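Comments concern the structure below.
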Amino acid sequence: MLLQSGIDAAQQGRYQEAVQLLEQFSQNCPDQNSPDYLKAQMWLVKAYQGTGEIEKAIILCQKLMMSERSEVRNWAEQMRPMLSKTSTSESSTIQKAAKRAATAGVNLAMGGVGGSLTLASGVTITLLFGMVLALGLSLVFILGSNNPQVGLLTAIGFTLVFNLAAFFLSPFLMDLTQNWLYRTRWVELTEVETLSPETARVIRRVCQQKKLKIPRLGIIDDQNPTAFTYGSLPNSARLVVSQGLFTYLDDDEIATVYAHELGHIVHWDFAVMTVASTLVQICYLIYITARNLVRGGGDSKIKDAVQTAAWVAYVFYLIGTYLLLYLSRTREYFADHFAAESTGNPNGLSRALVKIAYGILEEGSRAKEPSRLIEGTRALGIYDAKAAASTGTAYRIASEPEKIGRVFLWDMFNPWGWWMELNSTHPLTGKRVRALTTYAEQLGLETEFDMGRVIGEGKHLNKSKLYGNFFLDIVLYGAPTIGLFGGLIIGVFLGSNPANSRLMLGCPFIGLGIGMLIKALVMFPDYSKAQASDVLTLMSDPYASPLRGQPVKLEGQLIGRGDSGYKFGSDLKIQDRTGMLYLHYASRFGSIGNFLFGMKRVQSLIGSQVGALGWFRRGIAPWMDLIQINSEGGTIINSYHRFWSFLLGGGFIILGLVCAM
C-alpha cells in the first residue's frame with residue numbers, strides 16, 4: 001500500500017522515497033477529505049521537511065490549517081512555527097527575502113519599459129471608438145435611412161449610449177458572473193489584515209495618498225493563486241484575489257500583488273480595458289448580426305452591402321483584439337512599476353510572480369481538470385497561466401536562482417518569444433522580472449534574481465541559431481495561408497482566359513496543400529533518434545521553437561487532462577521529477593477519434609507511469625505533440641499529428657487538381 005510504504009519510509013529517514021510515495025498516493029486519492037488523504041498530507045509535510053523543501057512544507061501546512069477536521073488544524077498550527085524557524089535558518093537563496101527599500105514611494109525610472117500607458121490607452125480607445133462608430137454608421141445607412149443627417153445622429157447617439165451603458169453596467173454584470181462561477185466572497189479590510197497585515201497597511205496608505213476609496217475586496221475559495229481588478233471608476237473598483245495567494249506567498253509578497261492591482265486602479269487602465277473590451281465585442285456582434293442578415297432573403301444590393309459591412313466588422317474586430325492585447329501588456333508593466341514604487345519592494349513582486357507560477361503548476365498537478373478560475377480570468381489576472389509551466393517548473397526544484405534564470409533566456413532572447421507575445425495578454429515573465437530587477441538596482445538593493453548573469457549568458461548564445469532562420473521560419477509557419485493566397489493570385493491570373501477558368505478554383509487548394517506539406521516537413525522531423533530528457537531541461541532551452549519540433553522522450557506520470565473545462569478532452573498532462581508538460585494527442589480518426597479517446601480511455605490512463613515520445617515545442621506555453629505513449633502495463637497509444645498534416649496537405653492538392661481539370 002502506497003500510504004503505509006510512504007509513512008514507513010518517512011519514519012526510517014528515507015525522505016526522498018517518502019515524498020515520491022506520498023505524492024503518488026495523494027494524486028490518486030479520489031477524496032481529499034478522507035482520513036487517509038489527510039494522513040498522507042501530514043506525513044508529506046514531515047517528508048518535505050526532511051528533504052529540505054521547507055517552502056513546500058510550509059505551503060502544505062497552511063492548507064492543512066484550513067482543514068474541516070479540528071485535529072488536523074491543531075496539528076498544522078503546531079507544526080507551522082517549527083517550519084518557520086527551519087526556513088529562517090536553513091532556507092536556500094531563492095527562499096530568502098532580498099533586502100527592500102527602507103522607505104516606500106521613491107520615484108523609479110522605467111527606462112522605456114512598456115512604452116507609454118497614456119499613448120497606448122488613448123490610441124486604443126480612439127481607434128476602437130472610431131471603428132464602432134463607422135460600423136454603426138454603415139448599419140444605419142444599410143437599413144435605408146431616408147435622411148443621412150438623421151442617420152448620422154442616430155449612429156452617434158447609439159454608439160455613445162451603448163458604450164456608456166456598457167461602461168457603467170459591466171462591473172455589476174461582472175459581479176454576477178463572479179458570484180455565479182467562482183462564489184466570490186466580499187470581505188472587509190480587517191479580514192484581509194488578519195491574512196496579510198502588510199497588505200492592509202499598503203492598501204490604507206495608497207488609498208489615502210491617492211485620495212481613493214478602499215476598493216471592494218473579494219476572496220475566491222480556490223487554491224490557484226491569482227488576483228485581478230475590474231470596474232468602471234476608481235472609487236467603485238473591485239479587487240479580487242484567490243485563497244491560493246495567501247497559501248503560496250509570504251506577507252510582503254502578497255502586499256506587492258495588491259499594490260500591483262491598486263496600480264491598475266490609480267492609472268484608470270482597468271476602466272480603459274473595460275471600455276476597450278466592450279468596443280471589441282461590439283465589432284464582433286456587428287459582424288455576427290450582418291452575417292446573419294446576409295443569410296436571410298432580401299434585395300441583392302442590400303445583401304452585398306451587408307456582406308461588405310460584415311467583413312469590415314471582422315477586420316476591425318481583429319485589429320481591435322491586437323490593440324487590446326498591446327494595451328493589456330503595457331498596463332502590466334506600469335502596474336509592476338507602481339507596486340515597486342509604492343512598496344519599495346520590487347524583489348517581493350519578482351518572487352511573487354515566480355511563486356504564483358509555481359502555485360498554478362502545483363495546483364494543476366493535483367487537479368485532474370484544468371482550473372476554471374485560472375482559465376476564465378486569464379486576461380484579467382496578474383499572471384498569464386499559460387506561461388506558468390516554465391517558471392513554475394524551475395522554481396519547483398531550484399535550489400539556486402540561476403536555475404530559474406535559465407528559463408528566462410527564451411523570454412529575453414528568442415525571437416519567437418517576441419512573436420508569440422503579440423498574442424498574449426501579459427508580458428513574458430522574464431521581461432517583467434528584468435524590469436523589476438532594474439528598479440531594485442535603482443534602490444540600491446541586492447536583486448532577487450541575477451538577471452545580469454542571464455543577460456550575460458544571453459549575449460553568448462548562438463545568434464545565427466537564434467535569428468538566422470527566424471524570418472524563413474515565420475514564412476514556413478504561415479506557409480498554408482501563404483500558399484492559399486499565392487494560389488488564389490495565380491488562379492486569378494491564369495483563369496482570366498476563359499479556357500482556364502477552372503484554375504481559379506483549383507489553384508488556391510493546390511497552394512494550400514503545398515503549404516501544409518512544407519510546414520509539416522519542418523514541424524515533424526525524424527524521431528528515430530529522439531533523446532531522453534526531462535521537463536526542466538526542455539524548458540531551459542533558449543533555442544526552442546513552436547515550429548521546429550524537437551524529438552524527445554519523457555518518463556513520468558499522467559496526472560490529468562490538458563483541456564480546460566472539457567470533460568472529454570483528449571490532451572493530457574505529464575509530470576516528471578522536474579515539472580509538468582502538456583501532451584497534445586491526435587487520433588487517426590480526427591476530431592471524432594479525439595472525442596472518443598477522451599471519453600473512453602483518458603480517465604483510465606490518469607495516474608499511470610508512462611514513457612512519452614513526441615516533438616517538444618515552446619511558445620507562451622510549452623507542450624509536446626505526441627507520437628506515442630507506452631504505459632507501465634504495456635499499453636501502447638499512438639498519435640497521428642504528422643499523418644494528418646500529410647493527409648490534409650495531399651488531399652487539398654488532389655482536390656485542387658480535380659477542380660482545375
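Going by the C-alpha cells order, chains are called A, B, ..., each with residues numbered from 1, while ligands are numbered from 1 in the order shown.
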Practice prompt. List every residue of range 156-262 of chain A that DSSP, applied to the backbone of this structure, places in strand (DSSP E or B), and write the result as a list in words.
Written response: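 Written out, the strand (DSSP E or B) residues of range 156-262 of chain A are Arg185, Trp186, Val187, Arg216, Leu217, Gly218, Ile219, Ile220, Ala227, Phe228, Thr229, Tyr230, Arg238, Leu239, Val240, Val241 and Ser242 of chain A.
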Discussion item. Residues near Phe338 in chain A, anyone? I mean within 10 Å using only C-alpha atoms, not counting same-chain ones fewer than 5 positions away, as a PyMOL selection string.
Written reply: chain A and resi 105+107-108+256+259-264+266-267+332-333+343-344+346
Worksheet item: For the atom pair CA of Asp269 in chain A and CA of Ser232 in chain A, what is the interatomic distance in Å to one decimal place?
Response: 9.8 Å
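Reported to one decimal place, the separation of CA of Gly633 in chain A from CA of Glu555 in chain A is 14.1 Å.
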Worksheet entry | Residues within 9 Å of Ala10 in chain A, only C-alpha atoms, excluding chain neighbours under 2 positions, as a ChimeraX atom specification | /A:5-8,12-19,43-44,46-47,50
Enumerate, in order of chain and increasing residue number, the residues of range 507-558 of chain A with an atom no farther than 12 Å from range 449-464 of chain A, each with its shortest atom pair and distance in Å to one decimal, counting only C-alpha atoms, as CSV.
```
residue,atom,partner,partner_atom,distance
A:Ser540,CA,A:Val454,CA,11.7
A:Asp541,CA,A:Leu461,CA,10.8
A:Pro542,CA,A:Leu461,CA,8.3
A:Tyr543,CA,A:Asn462,CA,8.9
```
Discussion item. Residues near Leu181 in chain A, anyone? I mean within 9 Å using only C-alpha atoms, not counting same-chain ones fewer than 3 positions away, as a ChimeraX atom specification.
Written reply: /A:176-178,184,372-373
Worksheet entry | Residues within 7 Å of Asp411 in chain A, only C-alpha atoms, excluding chain neighbours under 6 positions, as a VMD selection string | chain A and resid 417 428 430 to 431
Convert the current residue selection to file output with N, CA and C atoms, as a tab-separated table (two decimals), in the first residue's frame.
```
chain	number	residue	atom	x	y	z
A	417	GLY	N	9.75	34.42	-28.86
A	417	GLY	CA	9.13	34.99	-27.68
A	417	GLY	C	8.42	36.29	-28.01
A	428	LEU	N	6.01	38.62	-21.23
A	428	LEU	CA	6.69	37.40	-20.81
A	428	LEU	C	7.31	37.61	-19.42
A	430	GLY	N	10.05	36.67	-17.96
A	430	GLY	CA	11.44	37.11	-17.91
A	430	GLY	C	11.59	38.61	-18.09
A	431	LYS	N	10.78	39.19	-18.97
A	431	LYS	CA	10.85	40.64	-19.22
A	431	LYS	C	10.34	41.42	-18.00
```
Worksheet entry | All residues 9 Å or closer to Gly611 in chain A, only C-alpha atoms, same chain fewer than 2 positions away omitted, as number ranges by chain | A: 553-557, 609, 613, 628-632
Item to complete: Identify, on the basis of only C-alpha atoms, every residue whose closest approach to Asp222 in chain A does not exceed 12 Å; exclude the query and any residue fewer than 3 positions from it along the same chain; express the result as a list of chain:residue names.
Response: A:Lys63, A:Leu181, A:Tyr182, A:Arg183, A:Thr184, A:Arg185, A:Ile219, A:Pro225, A:Thr226, A:Ala227, A:Val240, A:Val241, A:Ser242, A:Gln243, A:Gly244, A:Leu245, A:Phe246, A:Thr247, A:Tyr248, A:Gly359, A:Ile360, A:Glu363, A:Gly364, A:Ala367, A:Ser371, A:Arg372, A:Leu373, A:Ile374
Practice prompt. Rounded to one decimal place, report the CA of Gly122 in chain A-CA of His426 in chain A distance in Å.
Written response: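 Value for the CA of Gly122 in chain A-CA of His426 in chain A distance: 19.2 Å.
Between Phe168 in chain A and the residues A:Val275, A:Ile474, A:Ile203, A:Ala76, the shortest atom-to-atom distance, using only C-alpha atoms, involves A:Val275.
Distances from A:Ala310, A:Leu323, A:Leu547, A:Ile54 to Gly619 in chain A were compared using only C-alpha atoms, and the smallest one belongs to A:Leu547.
The smallest atom-to-atom distance between Ser533 in chain A and any of A:Met516, A:Pro498, A:Leu488, A:Trp615, using only C-alpha atoms, is found for A:Trp615.
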Worksheet item: Using only C-alpha atoms, which of A:Leu512, A:Leu657, A:Leu60, A:Asn345 sits nearest Glu441 in chain A?
Response: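 When distances to Glu441 in chain A are compared using only C-alpha atoms, the smallest one comes from A:Asn345.
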Worksheet item: Using only C-alpha atoms, which of the listed residues (A:Gln575, A:Lys355, A:Arg204, A:Thr393) sits closest to Leu189 in chain A?
Response: A:Arg204
